[in-house]
file protein-v7.txt (compact mmCIF, C-alpha atoms)
# COMPACT_ATOMS: atom_id res chain seq x y z
CA MET A 1 -12.27 -2.99 10.18
CA THR A 2 -9.11 -3.02 8.07
CA ARG A 3 -6.06 -0.97 8.95
CA ARG A 4 -6.52 1.01 5.75
CA PHE A 5 -10.11 1.89 6.65
CA ILE A 6 -9.11 2.90 10.18
CA ALA A 7 -6.27 5.10 8.89
CA THR A 8 -8.55 6.74 6.35
CA LEU A 9 -11.25 7.33 8.96
CA ALA A 10 -8.72 8.86 11.35
CA LEU A 11 -7.47 11.25 8.67
CA LEU A 12 -10.99 12.26 7.71
CA LEU A 13 -11.87 12.92 11.35
CA ALA A 14 -8.72 14.98 11.77
CA ALA A 15 -9.58 16.95 8.64
CA ALA A 16 -13.11 17.57 9.91
CA SER A 17 -11.75 18.73 13.27
CA ALA A 18 -9.30 21.05 11.54
CA ALA A 19 -12.08 22.43 9.35
CA GLN A 20 -14.13 23.26 12.44
CA ALA A 21 -11.14 24.96 14.07
CA ALA A 22 -10.17 26.83 10.90
CA ASP A 23 -11.96 29.85 9.56
CA ALA A 24 -13.54 28.81 6.25
CA ARG A 25 -15.19 31.61 4.31
CA LEU A 26 -16.01 32.75 0.81
CA VAL A 27 -13.80 35.56 -0.46
CA SER A 28 -14.15 37.63 -3.62
CA ILE A 29 -11.48 40.07 -4.78
CA GLU A 30 -11.12 42.32 -7.79
CA THR A 31 -8.15 41.46 -9.98
CA PRO A 32 -6.01 44.02 -11.86
CA ARG A 33 -8.02 43.50 -15.05
CA GLY A 34 -11.30 44.27 -13.25
CA ALA A 35 -12.66 40.74 -12.94
CA LYS A 36 -14.08 39.35 -9.72
CA GLN A 37 -12.24 36.29 -8.47
CA ALA A 38 -14.00 34.17 -5.85
CA PHE A 39 -12.47 31.41 -3.76
CA ILE A 40 -13.04 29.38 -0.61
CA LEU A 41 -10.50 30.40 2.01
CA ILE A 42 -9.61 28.10 4.91
CA GLU A 43 -7.26 29.61 7.47
CA PRO A 44 -5.70 27.26 10.01
CA GLN A 45 -3.79 28.75 12.90
CA LYS A 46 -0.14 29.49 12.09
CA PRO A 47 -0.06 28.06 8.54
CA VAL A 48 3.30 26.80 7.32
CA ALA A 49 2.43 27.57 3.68
CA SER A 50 -0.55 28.43 1.48
CA VAL A 51 -1.98 26.43 -1.41
CA ILE A 52 -4.14 27.66 -4.27
CA LEU A 53 -6.13 24.67 -5.52
CA PHE A 54 -7.30 24.49 -9.14
CA ALA A 55 -10.05 21.98 -9.92
CA GLY A 56 -10.13 20.15 -13.21
CA GLY A 57 -12.82 20.21 -15.88
CA HIS A 58 -14.18 23.65 -16.69
CA GLY A 59 -13.36 24.84 -13.17
CA ALA A 60 -16.56 26.86 -12.75
CA LEU A 61 -17.55 25.89 -9.21
CA GLY A 62 -20.33 28.46 -8.96
CA LEU A 63 -19.49 29.19 -5.33
CA LYS A 64 -22.46 30.34 -3.25
CA SER A 65 -20.76 30.12 0.14
CA ALA A 66 -17.73 28.44 1.71
CA SER A 67 -19.65 25.14 1.71
CA SER A 68 -22.05 25.43 -1.21
CA MET A 69 -21.25 25.22 -4.91
CA ALA A 70 -23.09 24.50 -8.13
CA TRP A 71 -20.48 22.10 -9.51
CA GLY A 72 -17.28 20.29 -8.60
CA LYS A 73 -17.77 19.24 -5.01
CA GLY A 74 -16.44 15.78 -5.85
CA ASN A 75 -13.29 17.02 -7.62
CA PHE A 76 -10.11 15.63 -6.08
CA LEU A 77 -8.75 18.96 -4.85
CA VAL A 78 -12.15 20.33 -3.87
CA ARG A 79 -13.21 17.34 -1.79
CA THR A 80 -9.83 17.16 -0.02
CA ARG A 81 -9.55 20.86 0.86
CA ASP A 82 -10.02 20.15 4.58
CA MET A 83 -7.27 17.52 4.43
CA PHE A 84 -4.88 20.21 3.16
CA ALA A 85 -5.96 22.52 5.99
CA ALA A 86 -5.39 19.69 8.49
CA GLN A 87 -1.78 19.63 7.27
CA GLY A 88 -1.34 23.23 8.46
CA LEU A 89 -1.79 24.79 5.03
CA MET A 90 -3.87 27.87 4.27
CA VAL A 91 -6.20 26.86 1.45
CA ALA A 92 -7.74 28.83 -1.40
CA VAL A 93 -10.07 26.85 -3.70
CA ILE A 94 -10.42 28.82 -6.91
CA ASP A 95 -13.66 29.40 -8.81
CA ALA A 96 -13.80 30.61 -12.42
CA PRO A 97 -13.57 34.43 -12.60
CA SER A 98 -16.66 36.59 -13.09
CA ASP A 99 -16.18 36.86 -16.87
CA ARG A 100 -15.84 33.08 -17.22
CA ARG A 101 -18.95 31.87 -15.41
CA SER A 102 -19.48 29.12 -17.98
CA GLY A 103 -15.99 27.76 -17.40
CA MET A 104 -12.31 27.99 -18.23
CA ASN A 105 -10.94 26.16 -21.25
CA ALA A 106 -7.26 25.39 -21.78
CA VAL A 107 -6.73 28.57 -23.81
CA PHE A 108 -7.94 30.79 -20.96
CA ARG A 109 -6.11 28.74 -18.34
CA MET A 110 -2.84 29.51 -20.17
CA SER A 111 -3.58 33.21 -20.67
CA GLY A 112 -2.05 36.34 -19.21
CA ASP A 113 -5.46 37.31 -17.85
CA HIS A 114 -5.64 34.12 -15.84
CA ALA A 115 -2.07 34.51 -14.62
CA GLY A 116 -2.92 38.02 -13.42
CA ASP A 117 -5.94 36.70 -11.53
CA ILE A 118 -3.76 34.05 -9.90
CA GLY A 119 -1.23 36.73 -8.94
CA ALA A 120 -3.98 38.72 -7.24
CA VAL A 121 -4.98 35.70 -5.14
CA GLU A 122 -1.33 35.03 -4.30
CA ALA A 123 -0.91 38.62 -3.10
CA TYR A 124 -4.09 38.36 -1.00
CA LEU A 125 -2.88 35.17 0.70
CA LYS A 126 0.51 36.67 1.52
CA LYS A 127 -1.26 39.56 3.26
CA GLN A 128 -3.12 37.04 5.41
CA ALA A 129 0.07 35.13 6.31
CA PRO A 130 3.68 35.78 5.21
CA VAL A 131 4.30 32.20 4.09
CA PRO A 132 5.12 30.61 0.72
CA VAL A 133 2.26 30.20 -1.75
CA TRP A 134 2.05 27.01 -3.79
CA LEU A 135 -0.10 26.38 -6.85
CA VAL A 136 -1.71 22.92 -6.97
CA GLY A 137 -3.65 21.80 -10.03
CA THR A 138 -5.34 18.58 -11.03
CA SER A 139 -6.24 17.44 -14.56
CA MET A 140 -7.30 20.56 -16.52
CA GLY A 141 -6.30 22.57 -13.46
CA THR A 142 -2.67 21.76 -14.23
CA PHE A 143 -2.82 24.27 -17.08
CA SER A 144 -3.70 26.92 -14.47
CA ALA A 145 -1.03 25.90 -11.98
CA ALA A 146 1.65 25.86 -14.68
CA ASP A 147 0.43 29.20 -16.06
CA GLY A 148 0.73 30.89 -12.69
CA ALA A 149 4.15 29.39 -12.02
CA ILE A 150 5.47 30.40 -15.45
CA ALA A 151 4.31 33.97 -14.73
CA GLY A 152 6.19 33.95 -11.43
CA HIS A 153 3.19 33.87 -9.11
CA ALA A 154 4.29 30.88 -7.02
CA ASP A 155 6.86 29.70 -4.51
CA GLY A 156 6.24 26.14 -5.65
CA VAL A 157 3.95 24.14 -7.91
CA VAL A 158 2.26 20.73 -7.79
CA LEU A 159 0.84 19.03 -10.90
CA THR A 160 -1.48 16.07 -10.36
CA SER A 161 -2.95 13.90 -13.14
CA THR A 162 -1.42 16.37 -15.58
CA ILE A 163 -2.83 16.79 -19.07
CA THR A 164 -0.03 15.63 -21.38
CA HIS A 165 -2.16 14.49 -24.32
CA SER A 166 -4.60 17.04 -25.73
CA HIS A 167 -7.99 15.78 -26.82
CA PRO A 168 -8.27 15.91 -30.63
CA ARG A 169 -11.35 18.16 -30.37
CA TRP A 170 -9.63 20.82 -28.24
CA ASP A 171 -8.65 24.16 -29.77
CA ILE A 172 -5.05 23.60 -28.67
CA ALA A 173 -4.73 20.07 -30.09
CA LYS A 174 -2.62 20.97 -33.14
CA ARG A 175 -0.26 23.50 -31.57
CA GLN A 176 0.00 21.76 -28.18
CA PRO A 177 -0.54 18.05 -28.72
CA ASP A 178 1.24 17.30 -25.45
CA GLY A 179 -0.86 19.72 -23.40
CA VAL A 180 0.91 21.10 -20.34
CA ALA A 181 4.19 19.51 -21.48
CA ASP A 182 4.16 21.92 -24.45
CA MET A 183 3.94 25.00 -22.21
CA ALA A 184 7.04 27.08 -21.40
CA LEU A 185 7.90 24.88 -18.42
CA ALA A 186 11.58 25.85 -18.65
CA ARG A 187 10.56 29.23 -17.23
CA ILE A 188 9.46 27.65 -13.96
CA THR A 189 12.23 28.09 -11.40
CA VAL A 190 10.47 26.97 -8.21
CA PRO A 191 10.31 23.48 -6.66
CA THR A 192 7.87 21.29 -8.57
CA LEU A 193 6.12 18.04 -7.68
CA ILE A 194 4.50 15.79 -10.29
CA VAL A 195 1.92 13.33 -8.97
CA ALA A 196 0.32 10.55 -11.00
CA ASN A 197 -1.51 7.27 -10.50
CA ARG A 198 0.11 4.36 -12.33
CA GLU A 199 -3.38 2.99 -12.99
CA ASP A 200 -4.82 6.21 -14.44
CA ILE A 201 -6.34 5.19 -17.79
CA CYS A 202 -7.58 8.65 -18.78
CA ALA A 203 -6.27 9.21 -22.31
CA GLN A 204 -5.40 12.82 -21.55
CA SER A 205 -3.26 12.13 -18.45
CA PRO A 206 -1.18 9.00 -19.06
CA PRO A 207 1.21 8.25 -16.17
CA SER A 208 4.04 8.09 -18.70
CA GLY A 209 3.61 11.83 -19.21
CA ALA A 210 5.29 12.48 -15.86
CA ALA A 211 8.71 11.73 -17.37
CA ARG A 212 8.09 14.17 -20.21
CA LEU A 213 7.12 16.88 -17.72
CA LYS A 214 10.22 16.30 -15.62
CA ARG A 215 12.47 16.61 -18.68
CA ALA A 216 10.81 19.90 -19.63
CA LEU A 217 11.27 21.45 -16.17
CA THR A 218 14.91 22.25 -16.84
CA HIS A 219 15.21 25.24 -14.50
CA ALA A 220 12.95 24.25 -11.61
CA GLY A 221 14.66 24.42 -8.22
CA LYS A 222 13.79 20.78 -7.60
CA VAL A 223 11.61 18.27 -9.43
CA ASP A 224 10.20 15.13 -7.85
CA VAL A 225 7.77 12.56 -9.24
CA VAL A 226 5.40 10.62 -6.99
CA MET A 227 3.71 7.59 -8.54
CA LEU A 228 0.78 6.30 -6.55
CA THR A 229 -1.09 3.07 -7.14
CA GLY A 230 -4.61 1.81 -6.61
CA GLY A 231 -7.77 3.20 -5.14
CA LEU A 232 -11.37 2.17 -4.64
CA PRO A 233 -13.42 0.72 -7.52
CA PRO A 234 -14.20 3.65 -9.85
CA LYS A 235 -17.62 5.25 -9.70
CA SER A 236 -17.04 7.57 -12.65
CA GLU A 237 -15.55 7.62 -16.13
CA PRO A 238 -11.73 7.31 -16.35
CA CYS A 239 -11.13 11.07 -16.72
CA GLN A 240 -13.54 12.04 -13.95
CA ALA A 241 -12.98 12.55 -10.23
CA GLN A 242 -14.16 9.24 -8.75
CA SER A 243 -11.58 7.12 -10.54
CA ARG A 244 -7.84 6.43 -10.49
CA HIS A 245 -7.47 9.78 -12.28
CA GLY A 246 -8.97 11.51 -9.24
CA TYR A 247 -7.15 9.41 -6.59
CA TYR A 248 -10.48 7.99 -5.48
CA GLY A 249 -9.88 5.97 -2.33
CA ILE A 250 -6.24 7.03 -1.88
CA GLU A 251 -6.86 10.69 -1.09
CA GLU A 252 -4.87 10.49 2.13
CA LYS A 253 -1.79 9.18 0.31
CA ALA A 254 -2.02 11.85 -2.37
CA VAL A 255 -2.57 14.76 0.01
CA GLY A 256 0.07 13.43 2.38
CA ALA A 257 2.69 13.23 -0.39
CA ILE A 258 1.84 16.73 -1.61
CA ALA A 259 1.91 18.25 1.89
CA GLU A 260 5.22 16.59 2.71
CA PHE A 261 6.84 17.98 -0.44
CA ILE A 262 5.45 21.46 0.22
CA LYS A 263 6.64 21.52 3.83
CA THR A 264 10.07 20.15 2.95
CA ASN A 265 10.62 22.64 0.13
CA SER A 266 9.07 25.82 1.56
CA LYS A 267 11.44 28.59 2.60
call {"tool": "encode", "arguments": {"input": "protein-v7.txt", "output": "structure tokens"}}
result
Amino acid sequence: MTRRFIATLALLLAAASAAQAADARLVSIETPRGAKQAFILIEPQKPVASVILFAGGHGALGLKSASSMAWGKGNFLVRTRDMFAAQGLMVAVIDAPSDRRSGMNAVFRMSGDHAGDIGAVEAYLKKQAPVPVWLVGTSMGTFSAADGAIAGHADGVVLTSTITHSHPRWDIAKRQPDGVADMALARITVPTLIVANREDICAQSPPSGAARLKRALTHAGKVDVVMLTGGLPPKSEPCQAQSRHGYYGIEEKAVGAIAEFIKTNSK
């Protein structure tokens, strides 16, 4: 066995052990606007921080329990949720709200309604443990993470495989050609980490977009960029989860880099 395989296996076993020790359950709360917001909650003992994870795509997981969902189980942030818990982080994996069962497009992910829903989850987590709450998004989920941070519902934010080139068919293509980079990122004041894979060939998340994001985050407490490389041979299309875009095969590096930044910059 290679050293890489052994290291990956050890991390996966540690994550599985942490998942067994942690209390994973399905939670549903009512947000200020009256919507029901469901999420998987994993509570390790004495968490050092909390993370709200936003899957990419349409984000409608269709959660049936803490371990059963209709869609998205292979998404980068969904499939690594136990790895985050193994790092001592309380984890909330967000489903689409009750009035968005068919999914969340970019317009909704940037809305005040969505920001309010995120704020409700943030408040819930802080009642469970008085620790910083970080928003972590991947791909389309970066619209959500940025939206919540802009609204002030975060102690830190992590953007992975960020959408910085809107698809021509999207409703936002003309007014926001650069996707998340065209949001009001200057209003984010908390520490921010940008993660990308140098070999990501998804047209909507070019690695070069990381520099544009960093320039736009003019008031963030701290901004770091982590560029990863490689992964296992892709088993999906370039913009899907089992590819360089989804850190397929280098999950431990991605989660490790994110967790290190969160722990170092949490107060």
call {"tool": "closest_residue", "arguments": {"input": "protein-v7.txt", "among": "A:Leu77, A:Ala129, A:Ala203, A:Ala86", "to": "Thr164 (chain A)", "atoms": "all atoms listed in the file"}}
result
A:Ala203
call {"tool": "closest_residue", "arguments": {"input": "protein-v7.txt", "among": "A:Gln87, A:Gln37, A:Gln204, A:Gln176", "to": "Glu122 (chain A)", "atoms": "only C-alpha atoms"}}
result
A:Gln37
call {"tool": "residues_around", "arguments": {"input": "protein-v7.txt", "residues": "region 206-219 of chain A", "least_positions_apart": "6", "cutoff": "8 Å", "atoms": "all atoms listed in the file", "output": "PDB file with C-alpha atoms, in the coordinates of the input"}}
result
ATOM      1  CA  SER A 161      -2.950  13.900 -13.140  1.00  0.00           C
ATOM      2  CA  THR A 162      -1.420  16.370 -15.580  1.00  0.00           C
ATOM      3  CA  ILE A 163      -2.830  16.790 -19.070  1.00  0.00           C
ATOM      4  CA  THR A 164      -0.030  15.630 -21.380  1.00  0.00           C
ATOM      5  CA  HIS A 165      -2.160  14.490 -24.320  1.00  0.00           C
ATOM      6  CA  VAL A 180       0.910  21.100 -20.340  1.00  0.00           C
ATOM      7  CA  ALA A 181       4.190  19.510 -21.480  1.00  0.00           C
ATOM      8  CA  LEU A 185       7.900  24.880 -18.420  1.00  0.00           C
ATOM      9  CA  ALA A 186      11.580  25.850 -18.650  1.00  0.00           C
ATOM     10  CA  ARG A 187      10.560  29.230 -17.230  1.00  0.00           C
ATOM     11  CA  ILE A 188       9.460  27.650 -13.960  1.00  0.00           C
ATOM     12  CA  THR A 189      12.230  28.090 -11.400  1.00  0.00           C
ATOM     13  CA  ILE A 194       4.500  15.790 -10.290  1.00  0.00           C
ATOM     14  CA  VAL A 195       1.920  13.330  -8.970  1.00  0.00           C
ATOM     15  CA  ALA A 196       0.320  10.550 -11.000  1.00  0.00           C
ATOM     16  CA  ASN A 197      -1.510   7.270 -10.500  1.00  0.00           C
ATOM     17  CA  ARG A 198       0.110   4.360 -12.330  1.00  0.00           C
ATOM     18  CA  GLU A 199      -3.380   2.990 -12.990  1.00  0.00           C
ATOM     19  CA  ASP A 200      -4.820   6.210 -14.440  1.00  0.00           C
ATOM     20  CA  VAL A 225       7.770  12.560  -9.240  1.00  0.00           C
TER      21      VAL A 225
END
call {"tool": "atom_distance", "arguments": {"input": "protein-v7.txt", "atom1": "CA of Ala55 (chain A)", "atom2": "CA of Val121 (chain A)"}}
result
15.4 Å
call {"tool": "residues_around", "arguments": {"input": "protein-v7.txt", "residues": "Val158 (chain A)", "least_positions_apart": "4", "cutoff": "8 Å", "atoms": "only C-alpha atoms", "output": "list in words"}}
result
Trp134, Leu135, Val136, Gly137, Ala145, Thr192, Leu193, Ile194, Val195 and Ile258 of chain A
call {"tool": "closest_residue", "arguments": {"input": "protein-v7.txt", "among": "A:Gly103, A:Gly119, A:Pro44, A:Gly62", "to": "Asp82 (chain A)", "atoms": "all atoms listed in the file"}}
result
A:Pro44
call {"tool": "build_atoms", "arguments": {"input": "protein-v7.txt", "residues": "region 87-103 of chain A", "atoms": "N, CA and C atoms", "output": "short mmCIF file (atom, residue, chain, number, x, y, z; two decimals), keeping the file's coordinate frame"}}
result
data_model
loop_
_atom_site.label_atom_id
_atom_site.label_comp_id
_atom_site.auth_asym_id
_atom_site.auth_seq_id
_atom_site.Cartn_x
_atom_site.Cartn_y
_atom_site.Cartn_z
N GLN A 87 -3.24 19.72 7.36
CA GLN A 87 -1.78 19.63 7.27
C GLN A 87 -1.11 20.95 7.62
N GLY A 88 -1.89 21.93 8.08
CA GLY A 88 -1.34 23.23 8.46
C GLY A 88 -1.14 24.16 7.29
N LEU A 89 -1.90 23.96 6.22
CA LEU A 89 -1.79 24.79 5.03
C LEU A 89 -3.00 25.71 4.90
N MET A 90 -2.77 26.99 4.62
CA MET A 90 -3.87 27.87 4.27
C MET A 90 -4.34 27.49 2.88
N VAL A 91 -5.64 27.40 2.69
CA VAL A 91 -6.20 26.86 1.45
C VAL A 91 -7.08 27.88 0.75
N ALA A 92 -6.86 28.04 -0.55
CA ALA A 92 -7.74 28.83 -1.40
C ALA A 92 -8.20 27.94 -2.55
N VAL A 93 -9.50 27.68 -2.62
CA VAL A 93 -10.07 26.85 -3.70
C VAL A 93 -10.68 27.79 -4.73
N ILE A 94 -10.10 27.82 -5.90
CA ILE A 94 -10.42 28.82 -6.91
C ILE A 94 -11.67 28.48 -7.73
N ASP A 95 -12.53 29.49 -7.89
CA ASP A 95 -13.66 29.40 -8.81
C ASP A 95 -13.23 30.01 -10.14
N ALA A 96 -14.04 29.88 -11.17
CA ALA A 96 -13.80 30.61 -12.42
C ALA A 96 -14.06 32.09 -12.17
N PRO A 97 -13.34 33.00 -12.82
CA PRO A 97 -13.57 34.43 -12.60
C PRO A 97 -14.92 34.87 -13.14
N SER A 98 -15.31 36.10 -12.77
CA SER A 98 -16.66 36.59 -13.09
C SER A 98 -16.95 36.65 -14.58
N ASP A 99 -15.94 36.80 -15.42
CA ASP A 99 -16.18 36.86 -16.87
C ASP A 99 -16.05 35.49 -17.53
N ARG A 100 -15.94 34.44 -16.70
CA ARG A 100 -15.84 33.08 -17.22
C ARG A 100 -16.79 32.15 -16.46
N ARG A 101 -18.00 32.63 -16.20
CA ARG A 101 -18.95 31.87 -15.41
C ARG A 101 -19.25 30.50 -16.00
N SER A 102 -19.17 30.40 -17.34
CA SER A 102 -19.48 29.12 -17.98
C SER A 102 -18.30 28.15 -17.95
N GLY A 103 -17.13 28.65 -17.53
CA GLY A 103 -15.99 27.76 -17.40
C GLY A 103 -14.72 28.28 -18.06
#
